[in-house]
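Student: Hey, dropping data-v2.cif in here, mmCIF, C-alpha atoms and all ligand atoms:
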```
data_my_file
#
loop_
_atom_site.label_atom_id
_atom_site.label_comp_id
_atom_site.auth_asym_id
_atom_site.auth_seq_id
_atom_site.Cartn_x
_atom_site.Cartn_y
_atom_site.Cartn_z
CA MET X 1 121.65 117.76 82.22
CA ARG X 2 123.30 118.42 85.58
CA GLY X 3 122.01 116.72 88.71
CA VAL X 4 123.03 115.97 92.29
CA VAL X 5 124.20 112.43 93.03
CA MET X 6 125.12 111.11 96.48
CA HIS X 7 127.89 108.52 96.31
CA ALA X 8 128.44 107.86 100.00
CA PRO X 9 127.76 109.56 103.32
CA GLY X 10 129.17 113.08 103.09
CA ASP X 11 129.95 112.67 99.37
CA VAL X 12 127.60 114.74 97.22
CA ARG X 13 128.50 115.64 93.62
CA VAL X 14 126.93 117.55 90.77
CA GLU X 15 127.26 115.36 87.69
CA ARG X 16 126.09 114.95 84.13
CA ARG X 17 122.93 112.81 84.16
CA GLU X 18 120.87 111.50 81.25
CA ASP X 19 118.22 113.98 80.10
CA PRO X 20 114.87 112.52 81.15
CA GLN X 21 112.58 111.27 78.37
CA ILE X 22 108.86 110.54 78.19
CA ILE X 23 108.51 106.81 78.86
CA GLU X 24 104.80 106.38 79.67
CA PRO X 25 102.01 108.37 77.95
CA THR X 26 101.06 109.71 81.42
CA ASP X 27 104.51 111.28 81.99
CA ALA X 28 105.55 114.91 81.88
CA ILE X 29 109.04 116.37 81.65
CA ILE X 30 109.55 119.53 83.66
CA ARG X 31 112.39 122.03 83.65
CA LEU X 32 113.01 122.81 87.30
CA SER X 33 112.94 126.42 88.44
CA ALA X 34 114.20 125.62 91.92
CA SER X 35 114.88 122.64 94.13
CA CYS X 36 116.03 122.15 97.69
CA ILE X 37 117.47 119.89 100.35
CA CYS X 38 115.09 118.09 102.70
CA GLY X 39 115.87 117.10 106.29
CA SER X 40 115.35 113.52 105.14
CA ASP X 41 118.22 113.90 102.61
CA LEU X 42 120.47 114.19 105.66
CA TRP X 43 119.69 110.63 106.77
CA PRO X 44 121.81 109.05 104.00
CA TYR X 45 124.26 111.99 104.18
CA ARG X 46 124.90 111.12 107.83
CA GLY X 47 125.01 107.39 107.09
CA VAL X 48 121.86 106.61 109.08
CA GLU X 49 120.05 105.39 105.96
CA LYS X 50 121.98 102.99 103.73
CA LEU X 51 122.61 103.97 100.11
CA ASP X 52 122.26 101.39 97.34
CA GLY X 53 125.05 102.82 95.25
CA PRO X 54 125.16 106.33 93.74
CA SER X 55 121.72 107.94 94.19
CA PRO X 56 120.14 110.89 92.40
CA MET X 57 118.93 113.27 95.12
CA GLY X 58 115.97 115.56 95.66
CA HIS X 59 112.21 115.19 95.83
CA GLU X 60 110.89 118.74 96.16
CA TYR X 61 110.29 120.64 92.96
CA VAL X 62 108.61 123.39 91.02
CA GLY X 63 109.11 124.10 87.36
CA VAL X 64 107.77 124.57 83.88
CA VAL X 65 106.29 121.72 81.87
CA GLU X 66 108.47 121.13 78.82
CA GLN X 67 106.89 118.03 77.32
CA VAL X 68 103.88 115.81 78.04
CA GLY X 69 102.87 112.27 77.09
CA ASP X 70 99.84 111.61 74.84
CA GLN X 71 97.46 110.90 77.73
CA VAL X 72 98.26 113.95 79.89
CA LYS X 73 95.25 116.29 80.05
CA ASN X 74 95.46 118.42 83.20
CA VAL X 75 98.80 120.12 82.58
CA LYS X 76 100.22 121.44 79.33
CA VAL X 77 103.54 122.61 77.96
CA GLY X 78 104.45 125.98 79.48
CA ASP X 79 102.45 125.53 82.70
CA PHE X 80 104.23 126.34 85.95
CA VAL X 81 103.63 123.35 88.22
CA VAL X 82 104.11 122.19 91.78
CA GLY X 83 104.22 118.48 92.55
CA SER X 84 104.21 116.29 95.61
CA PHE X 85 107.22 114.26 96.72
CA VAL X 86 105.14 111.13 96.13
CA ILE X 87 103.82 110.28 92.67
CA SER X 88 100.08 109.59 92.69
CA ASP X 89 97.36 108.97 90.09
CA ASN X 90 94.85 110.93 92.22
CA THR X 91 92.05 108.63 91.00
CA CYS X 92 92.34 105.34 92.90
CA GLU X 93 90.28 104.66 96.03
CA ILE X 94 93.14 105.58 98.33
CA CYS X 95 93.74 108.89 96.53
CA GLN X 96 90.02 109.69 96.51
CA ALA X 97 90.04 109.19 100.28
CA GLY X 98 92.78 111.84 100.52
CA PHE X 99 95.80 109.61 101.10
CA GLN X 100 97.64 110.18 97.83
CA SER X 101 100.97 109.31 99.46
CA LYS X 102 99.63 105.72 99.70
CA CYS X 103 98.27 105.67 96.12
CA VAL X 104 98.23 102.26 94.41
CA HIS X 105 100.73 103.85 91.98
CA ALA X 106 102.74 105.63 94.68
CA GLU X 107 106.42 106.10 93.93
CA PHE X 108 108.82 108.20 95.96
CA VAL X 109 110.39 110.92 93.83
CA ALA X 110 113.49 110.65 96.02
CA ALA X 111 114.06 106.99 95.18
CA THR X 112 114.38 107.16 91.42
CA ILE X 113 113.80 110.61 89.94
CA GLY X 114 115.96 113.05 91.89
CA THR X 115 114.83 116.65 91.45
CA GLN X 116 118.04 118.36 92.52
CA ALA X 117 118.64 118.60 88.80
CA GLU X 118 117.85 120.69 85.73
CA LYS X 119 114.96 118.48 84.59
CA ALA X 120 112.80 115.67 85.87
CA ARG X 121 110.41 113.07 84.48
CA ILE X 122 107.20 113.07 86.51
CA PRO X 123 105.05 109.93 86.09
CA HIS X 124 101.25 110.22 86.49
CA ALA X 125 101.59 113.91 85.73
CA ASP X 126 97.82 114.51 85.78
CA GLY X 127 97.54 113.13 89.29
CA THR X 128 100.80 114.43 90.71
CA LEU X 129 101.21 117.96 89.37
CA VAL X 130 99.12 121.05 90.04
CA ALA X 131 99.47 124.08 87.76
CA THR X 132 99.62 127.54 89.33
CA PRO X 133 97.08 130.15 88.15
CA GLY X 134 99.77 131.74 85.95
CA GLN X 135 103.53 132.28 85.80
CA PRO X 136 104.57 133.18 89.35
CA ASP X 137 106.48 136.28 90.38
CA PRO X 138 110.03 135.19 91.23
CA GLU X 139 109.52 136.02 94.92
CA LEU X 140 106.74 133.42 95.13
CA ILE X 141 108.94 130.56 93.92
CA PRO X 142 110.46 129.65 97.34
CA SER X 143 106.97 129.48 98.86
CA LEU X 144 105.64 127.32 96.02
CA LEU X 145 108.66 125.07 96.40
CA ALA X 146 107.92 124.76 100.14
CA ALA X 147 104.41 123.56 99.25
CA SER X 148 105.95 120.55 97.49
CA ASP X 149 106.97 118.96 100.77
CA VAL X 150 107.69 120.86 104.00
CA LEU X 151 104.57 123.03 103.92
CA GLY X 152 102.35 120.17 102.74
CA THR X 153 103.85 117.87 105.36
CA GLY X 154 103.55 120.40 108.19
CA TRP X 155 100.00 121.12 107.11
CA PHE X 156 99.08 117.42 107.11
CA ALA X 157 100.63 117.06 110.57
CA ALA X 158 98.52 119.92 111.92
CA VAL X 159 95.38 118.47 110.31
CA ALA X 160 96.22 114.98 111.65
CA ALA X 161 96.66 116.53 115.10
CA GLU X 162 93.27 118.23 114.63
CA ALA X 163 94.66 121.71 115.24
CA GLY X 164 91.81 124.21 115.19
CA PRO X 165 89.89 126.92 117.06
CA GLY X 166 90.15 126.65 120.84
CA LYS X 167 92.98 124.13 120.64
CA THR X 168 96.41 124.21 122.21
CA VAL X 169 98.93 122.80 119.75
CA ALA X 170 102.44 121.68 120.71
CA VAL X 171 105.02 121.19 117.96
CA VAL X 172 108.01 118.94 118.64
CA GLY X 173 110.81 119.88 116.22
CA ASP X 174 111.94 123.27 114.94
CA GLY X 175 113.16 122.18 111.52
CA ALA X 176 111.37 123.34 108.39
CA VAL X 177 108.46 120.90 108.81
CA GLY X 178 107.90 121.87 112.45
CA LEU X 179 107.90 125.55 111.48
CA MET X 180 105.40 124.85 108.71
CA ALA X 181 103.18 122.95 111.17
CA ILE X 182 103.15 126.12 113.28
CA LEU X 183 102.11 128.15 110.22
CA ALA X 184 99.37 125.58 109.51
CA ALA X 185 98.11 125.50 113.11
CA LYS X 186 97.83 129.29 113.03
CA GLN X 187 95.93 129.22 109.71
CA LEU X 188 93.63 126.50 111.07
CA GLY X 189 92.73 128.79 113.94
CA ALA X 190 94.57 127.28 116.91
CA GLU X 191 94.33 129.36 120.07
CA ARG X 192 97.75 128.62 121.49
CA ILE X 193 100.80 127.21 119.72
CA ILE X 194 103.76 125.95 121.71
CA ALA X 195 107.01 125.55 119.79
CA MET X 196 109.57 123.19 121.28
CA SER X 197 112.88 124.72 120.21
CA ARG X 198 116.22 125.64 121.70
CA HIS X 199 117.71 127.61 118.78
CA ALA X 200 117.26 131.39 118.99
CA ASP X 201 116.97 131.92 115.22
CA ARG X 202 114.36 129.17 114.87
CA GLN X 203 112.45 130.44 117.91
CA ALA X 204 112.19 133.79 116.13
CA LEU X 205 110.88 132.13 112.97
CA ALA X 206 108.47 130.04 115.06
CA ARG X 207 107.06 133.24 116.55
CA PHE X 208 106.86 134.80 113.07
CA TYR X 209 104.74 131.84 111.94
CA GLY X 210 102.42 132.02 114.96
CA ALA X 211 103.98 130.35 118.02
CA THR X 212 102.67 131.90 121.25
CA ASP X 213 104.98 130.00 123.62
CA ILE X 214 108.47 128.51 123.40
CA VAL X 215 109.61 125.45 125.38
CA GLU X 216 113.33 124.70 125.37
CA GLU X 217 113.25 121.56 127.51
CA ARG X 218 113.36 118.15 125.87
CA GLY X 219 112.29 114.60 126.74
CA ASP X 220 110.54 114.16 130.10
CA ASP X 221 111.38 117.75 131.07
CA GLY X 222 109.73 118.94 127.87
CA VAL X 223 106.62 116.88 128.64
CA ALA X 224 106.51 118.30 132.19
CA LYS X 225 106.73 121.83 130.80
CA ILE X 226 103.84 121.24 128.35
CA LYS X 227 101.75 119.83 131.21
CA GLU X 228 102.61 122.87 133.32
CA LEU X 229 101.46 125.20 130.53
CA THR X 230 98.17 123.32 130.03
CA GLY X 231 96.87 122.97 133.58
CA GLY X 232 98.34 119.48 133.91
CA LEU X 233 96.35 118.11 130.97
CA GLY X 234 98.75 118.15 128.03
CA ALA X 235 98.12 119.70 124.61
CA HIS X 236 94.97 118.91 122.60
CA SER X 237 97.07 118.57 119.47
CA VAL X 238 100.71 117.57 119.14
CA VAL X 239 102.87 117.47 116.04
CA GLU X 240 105.97 115.27 115.94
CA ALA X 241 108.34 116.57 113.25
CA VAL X 242 111.69 115.03 114.14
CA GLY X 243 111.53 111.23 113.96
CA THR X 244 113.81 110.23 116.85
CA GLN X 245 112.92 108.06 119.83
CA GLU X 246 113.13 110.96 122.27
CA ALA X 247 111.05 113.28 120.11
CA PHE X 248 108.38 110.67 119.47
CA MET X 249 107.96 109.76 123.14
CA GLN X 250 108.00 113.46 124.04
CA ALA X 251 105.13 113.95 121.59
CA VAL X 252 103.16 111.01 123.00
CA GLY X 253 103.69 112.31 126.54
CA ALA X 254 102.69 115.87 125.65
CA THR X 255 99.31 114.80 124.17
CA ARG X 256 96.37 114.91 126.59
CA GLY X 257 94.11 111.89 127.02
CA GLY X 258 91.77 111.78 124.03
CA GLY X 259 93.98 114.28 122.18
CA HIS X 260 95.50 113.92 118.74
CA LEU X 261 99.09 113.28 117.69
CA GLY X 262 100.15 113.92 114.08
CA TYR X 263 103.57 112.45 113.35
CA VAL X 264 105.53 113.23 110.23
CA GLY X 265 109.19 113.01 111.28
CA VAL X 266 110.71 110.16 109.28
CA ASN X 267 111.05 107.43 111.91
CA TYR X 268 114.41 105.72 111.94
CA GLY X 269 114.91 103.13 114.67
CA VAL X 270 112.04 104.42 116.76
CA THR X 271 110.59 101.71 119.00
CA ILE X 272 107.31 102.63 120.60
CA PRO X 273 106.63 100.74 123.82
CA GLY X 274 103.11 99.40 123.31
CA PHE X 275 102.21 99.79 126.97
CA ASP X 276 103.12 103.51 126.97
CA LEU X 277 101.03 104.10 123.86
CA PHE X 278 98.16 102.07 125.34
CA LEU X 279 98.19 104.06 128.56
CA ALA X 280 98.37 107.39 126.72
CA GLY X 281 94.85 106.96 125.32
CA ILE X 282 95.39 109.22 122.32
CA HIS X 283 94.54 109.35 118.60
CA THR X 284 97.53 108.99 116.31
CA LEU X 285 97.85 109.58 112.57
CA GLY X 286 101.04 109.99 110.62
CA GLY X 287 103.29 108.78 107.86
CA PRO X 288 104.39 110.23 104.52
CA ALA X 289 102.11 113.23 104.09
CA PRO X 290 99.48 113.18 101.32
CA VAL X 291 100.71 116.59 100.16
CA ARG X 292 98.73 116.33 96.92
CA ARG X 293 95.47 116.60 98.92
CA PHE X 294 96.45 120.07 100.13
CA LEU X 295 98.32 121.44 97.09
CA PRO X 296 95.47 123.33 95.37
CA ASP X 297 94.56 125.19 98.58
CA LEU X 298 98.17 125.83 99.57
CA ILE X 299 99.02 127.19 96.10
CA GLN X 300 96.04 129.56 96.33
CA LEU X 301 97.05 130.79 99.82
CA ILE X 302 100.55 131.49 98.50
CA TRP X 303 99.24 133.08 95.30
CA ASP X 304 97.03 135.41 97.35
CA ARG X 305 100.03 136.16 99.60
CA LYS X 306 98.16 135.01 102.70
CA ILE X 307 101.04 132.82 103.85
CA ASP X 308 104.80 133.14 103.42
CA PRO X 309 106.29 129.66 103.83
CA GLY X 310 109.29 130.60 101.66
CA LYS X 311 110.93 132.32 104.62
CA VAL X 312 111.89 128.87 105.83
CA PHE X 313 114.72 128.87 103.26
CA ASP X 314 117.66 130.63 104.84
CA LEU X 315 120.37 129.75 102.34
CA GLU X 316 120.19 129.99 98.56
CA LEU X 317 122.89 128.46 96.39
CA PRO X 318 123.35 127.59 92.73
CA LEU X 319 122.89 123.86 92.06
CA ASP X 320 126.62 123.54 91.36
CA GLN X 321 127.33 124.27 95.04
CA ALA X 322 125.14 121.40 96.25
CA ALA X 323 127.94 119.92 98.38
CA GLU X 324 128.20 123.16 100.35
CA GLY X 325 124.42 123.17 100.82
CA TYR X 326 124.43 119.67 102.30
CA GLN X 327 127.31 120.54 104.60
CA ALA X 328 125.54 123.69 105.81
CA MET X 329 122.36 121.79 106.66
CA HIS X 330 124.30 118.96 108.25
CA GLU X 331 126.10 121.44 110.52
CA ARG X 332 122.80 123.28 111.17
CA ARG X 333 124.23 126.48 109.69
CA ALA X 334 121.09 126.47 107.55
CA THR X 335 117.52 125.37 108.28
CA LYS X 336 116.73 124.73 104.64
CA VAL X 337 118.74 125.24 101.47
CA LEU X 338 117.24 126.31 98.16
CA PHE X 339 119.02 125.56 94.89
CA THR X 340 118.58 127.86 91.94
CA VAL X 341 118.80 125.77 88.79
ZN ZN X 401 95.94 106.73 93.65
#
```
What does the file become when written as structure tokens?
Ligand SMILES: [Zn+2]

Tutor:
Amino acid sequence: MRGVVMHAPGDVRVERREDPQIIEPTDAIIRLSASCICGSDLWPYRGVEKLDGPSPMGHEYVGVVEQVGDQVKNVKVGDFVVGSFVISDNTCEICQAGFQSKCVHAEFVAATIGTQAEKARIPHADGTLVATPGQPDPELIPSLLAASDVLGTGWFAAVAAEAGPGKTVAVVGDGAVGLMAILAAKQLGAERIIAMSRHADRQALARFYGATDIVEERGDDGVAKIKELTGGLGAHSVVEAVGTQEAFMQAVGATRGGGHLGYVGVNYGVTIPGFDLFLAGIHTLGGPAPVRRFLPDLIQLIWDRKIDPGKVFDLELPLDQAAEGYQAMHERRATKVLFTV
């Protein structure tokens, strides 16, 4: 099969890879219908995250089950499925508590599987995959693909930040996850949603998804602006969807005393001064999102056409042009790139 392999920063190739095989009786093999590039794929592309040799890329996926192991019961050959970017059994104590991304059998799809490819082996298929109610119309596929990570992650961030009726929600970051957190905050009933963004095209998308206010300032100025918009108090709920030092501290500063911060930007080199966090007096919850917890509901919302997360993809390319897709996201010519397989 063909699959994307990153050899070094800036060096992405589409190569022949071994066809995946069933190894464990709990595995499924899926033929991917679409895949995409995540903001986190840019960390190794930019050389921020070190690569241990050539790495298969991709962890977001939707597709059709082609083969299942003997013990797989919940999905069958021919099902259209959506899976999380973290493998989970969905039965252990941690999964049952809703934190499938920390499952005792957790495995990052990005690390070993690589779904920017024609096929993928999904371990713990019963716990990881969710079948859609039927074969989706082609126009639903981008939205279902978004559920696999960016929508699920943005949704978790909004839930972690306790977005809801009567709440003012501030979202730091206007990438795909930040935009999806805006969509989630709106669905969860937030009264006011402040998008922190300085790109005109993303501001427009933020408003489409439910932002009521836009703040262009960053860092301390951004915090001051949020305070100004909230009577000096700060937002009830803040989502951090970037993962840099400045963004994280901006999110801490924008959260009111007793408020909630949900952080899902992949933190590289962020150092949180304990005293600042202590003084903030806020609730914090974050980490790799337990997307699997939300998948059944998100799939239904998409199926019923109540949400349209697929609009977050603004460039569609065939898998063979993966290198161009990475370059476009790196240069911010695209918010999120979808690969047709
Ligand atoms: Zn588990």

Student: 6 Å from ligand ZN 401 (chain X) is the threshold here; counting all atoms listed in the file, which polymer residues fall inside it? Answer as a ChimeraX atom specification.

Tutor: /X:88-92,94-95,100,103-105

Student: Work out how far CA of Pro290 in chain X is from CA of Val239 in chain X, in Å to one decimal.

Tutor: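 Computing the Euclidean distance for CA of Val239 in chain X and CA of Pro290 in chain X yields 15.7 Å.
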
Student: For Lys73 in chain X, please output as a VMD selection string all residues within 9 Å (counting all atoms listed in the file; exclusion window: fewer than 6 positions along the same chain).

Tutor: chain X and resid 26 125 to 126

Student: Which residue is closest to Val337 in chain X? Choose from X:Val252, X:Arg218, X:Cys38, X:Gln21 and count all atoms listed in the file.

Tutor: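 Once distances to Val337 in chain X are computed over all atoms listed in the file, the minimum belongs to X:Cys38.
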
Student: From the set X:Gln327, X:Pro296, X:Glu191, X:Val169, which residue has the shortest atom-to-atom contact distance to Ile226 in chain X, counting all atoms listed in the file?

Tutor: X:Val169

Student: As a compact mmCIF listing (two decimals) with C-alpha atoms, keeping the file's coordinate frame, please: the residues near Ala160 in chain X (cut-off 10 Å, all atoms listed in the file, same-chain neighbours under 6 positions excluded).

Tutor:
```
# COMPACT_ATOMS: atom_id res chain seq x y z
CA GLY X 154 103.55 120.40 108.19
CA SER X 237 97.07 118.57 119.47
CA VAL X 238 100.71 117.57 119.14
CA VAL X 239 102.87 117.47 116.04
CA HIS X 260 95.50 113.92 118.74
CA LEU X 261 99.09 113.28 117.69
CA GLY X 262 100.15 113.92 114.08
CA TYR X 263 103.57 112.45 113.35
CA VAL X 264 105.53 113.23 110.23
CA HIS X 283 94.54 109.35 118.60
CA THR X 284 97.53 108.99 116.31
CA LEU X 285 97.85 109.58 112.57
CA GLY X 286 101.04 109.99 110.62
CA ALA X 289 102.11 113.23 104.09
```

Student: Could you tell me how far CA of Glu118 in chain X lies from CA of Glu139 in chain X, in Å and to one decimal?

Tutor: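 Going from CA of Glu118 in chain X over to CA of Glu139 in chain X covers 19.7 Å.
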
Student: Leu179 in chain X: which residues within 8 Å, counting all atoms listed in the file, same-chain residues fewer than 3 positions away excluded, as a ChimeraX atom specification?

Tutor: /X:154,173-176,182-183,205-206,209,312

Student: So that I have them on file, write out the residues from the current selection with C-alpha atoms, as an mmCIF file, in the coordinates of the input.

Tutor:
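Result file is result_14.cif:
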```cif
data_model
loop_
_atom_site.group_PDB
_atom_site.id
_atom_site.type_symbol
_atom_site.label_atom_id
_atom_site.label_comp_id
_atom_site.auth_asym_id
_atom_site.auth_seq_id
_atom_site.Cartn_x
_atom_site.Cartn_y
_atom_site.Cartn_z
ATOM 1 C CA GLY X 154 103.550 120.400 108.190
ATOM 2 C CA GLY X 173 110.810 119.880 116.220
ATOM 3 C CA ASP X 174 111.940 123.270 114.940
ATOM 4 C CA GLY X 175 113.160 122.180 111.520
ATOM 5 C CA ALA X 176 111.370 123.340 108.390
ATOM 6 C CA ILE X 182 103.150 126.120 113.280
ATOM 7 C CA LEU X 183 102.110 128.150 110.220
ATOM 8 C CA LEU X 205 110.880 132.130 112.970
ATOM 9 C CA ALA X 206 108.470 130.040 115.060
ATOM 10 C CA TYR X 209 104.740 131.840 111.940
ATOM 11 C CA VAL X 312 111.890 128.870 105.830
#
```

Student: What is the distance between CA of Gly114 in chain X and CA of Gly78 in chain X, in Å to one decimal?

Tutor: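 Rounded to one decimal, the two atoms are 21.3 Å apart.
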
Student: For His59 in chain X, which residue out of X:Gly83, X:Pro288, X:Pro44, X:Gly265 is the nearest one, using only C-alpha atoms?

Tutor: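 Smallest separation from His59 in chain X among the options: X:Gly83.
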
Student: Could you rebuild range 134-163 of chain X with N, CA and C atoms and give it back as a compact mmCIF listing (two decimals), in the coordinates of the input?

Tutor:
```txt
# COMPACT_ATOMS: atom_id res chain seq x y z
N GLY X 134 99.04 131.07 87.04
CA GLY X 134 99.77 131.74 85.95
C GLY X 134 101.26 131.59 86.23
N GLN X 135 102.10 132.32 85.50
CA GLN X 135 103.53 132.28 85.80
C GLN X 135 103.76 133.07 87.09
N PRO X 136 104.42 132.49 88.07
CA PRO X 136 104.57 133.18 89.35
C PRO X 136 105.62 134.29 89.31
N ASP X 137 105.41 135.31 90.15
CA ASP X 137 106.48 136.28 90.38
C ASP X 137 107.64 135.54 91.03
N PRO X 138 108.88 135.94 90.69
CA PRO X 138 110.03 135.19 91.23
C PRO X 138 110.01 135.08 92.76
N GLU X 139 109.48 136.10 93.45
CA GLU X 139 109.52 136.02 94.92
C GLU X 139 108.56 134.98 95.48
N LEU X 140 107.65 134.47 94.65
CA LEU X 140 106.74 133.42 95.13
C LEU X 140 107.34 132.01 94.99
N ILE X 141 108.41 131.90 94.22
CA ILE X 141 108.94 130.56 93.92
C ILE X 141 109.39 129.80 95.18
N PRO X 142 110.10 130.42 96.12
CA PRO X 142 110.46 129.65 97.34
C PRO X 142 109.22 129.13 98.08
N SER X 143 108.18 129.92 98.16
CA SER X 143 106.97 129.48 98.86
C SER X 143 106.29 128.33 98.13
N LEU X 144 106.24 128.41 96.80
CA LEU X 144 105.64 127.32 96.02
C LEU X 144 106.46 126.05 96.16
N LEU X 145 107.78 126.22 96.21
CA LEU X 145 108.66 125.07 96.40
C LEU X 145 108.41 124.45 97.78
N ALA X 146 108.19 125.28 98.78
CA ALA X 146 107.92 124.76 100.14
C ALA X 146 106.64 123.91 100.14
N ALA X 147 105.68 124.30 99.30
CA ALA X 147 104.41 123.56 99.25
C ALA X 147 104.62 122.11 98.83
N SER X 148 105.66 121.87 98.04
CA SER X 148 105.95 120.55 97.49
C SER X 148 106.21 119.50 98.57
N ASP X 149 106.75 119.92 99.68
CA ASP X 149 106.97 118.96 100.77
C ASP X 149 106.78 119.59 102.15
N VAL X 150 107.71 120.45 102.59
CA VAL X 150 107.69 120.86 104.00
C VAL X 150 106.38 121.53 104.42
N LEU X 151 105.83 122.40 103.56
CA LEU X 151 104.57 123.03 103.92
C LEU X 151 103.44 122.00 103.90
N GLY X 152 103.38 121.20 102.84
CA GLY X 152 102.35 120.17 102.74
C GLY X 152 102.43 119.17 103.89
N THR X 153 103.65 118.83 104.27
CA THR X 153 103.85 117.87 105.36
C THR X 153 103.47 118.49 106.70
N GLY X 154 103.91 119.72 106.94
CA GLY X 154 103.55 120.40 108.19
C GLY X 154 102.05 120.60 108.29
N TRP X 155 101.44 120.91 107.15
CA TRP X 155 100.00 121.12 107.11
C TRP X 155 99.26 119.82 107.45
N PHE X 156 99.68 118.73 106.82
CA PHE X 156 99.08 117.42 107.11
C PHE X 156 99.23 117.10 108.60
N ALA X 157 100.41 117.37 109.15
CA ALA X 157 100.63 117.06 110.57
C ALA X 157 99.66 117.83 111.45
N ALA X 158 99.44 119.09 111.12
CA ALA X 158 98.52 119.92 111.92
C ALA X 158 97.08 119.43 111.76
N VAL X 159 96.72 119.02 110.55
CA VAL X 159 95.38 118.47 110.31
C VAL X 159 95.23 117.13 111.05
N ALA X 160 96.26 116.28 110.97
CA ALA X 160 96.22 114.98 111.65
C ALA X 160 96.10 115.17 113.17
N ALA X 161 96.72 116.24 113.67
CA ALA X 161 96.66 116.53 115.10
C ALA X 161 95.38 117.28 115.47
N GLU X 162 94.53 117.51 114.45
CA GLU X 162 93.27 118.23 114.63
C GLU X 162 93.45 119.61 115.26
N ALA X 163 94.48 120.31 114.81
CA ALA X 163 94.66 121.71 115.24
C ALA X 163 93.45 122.51 114.76
```
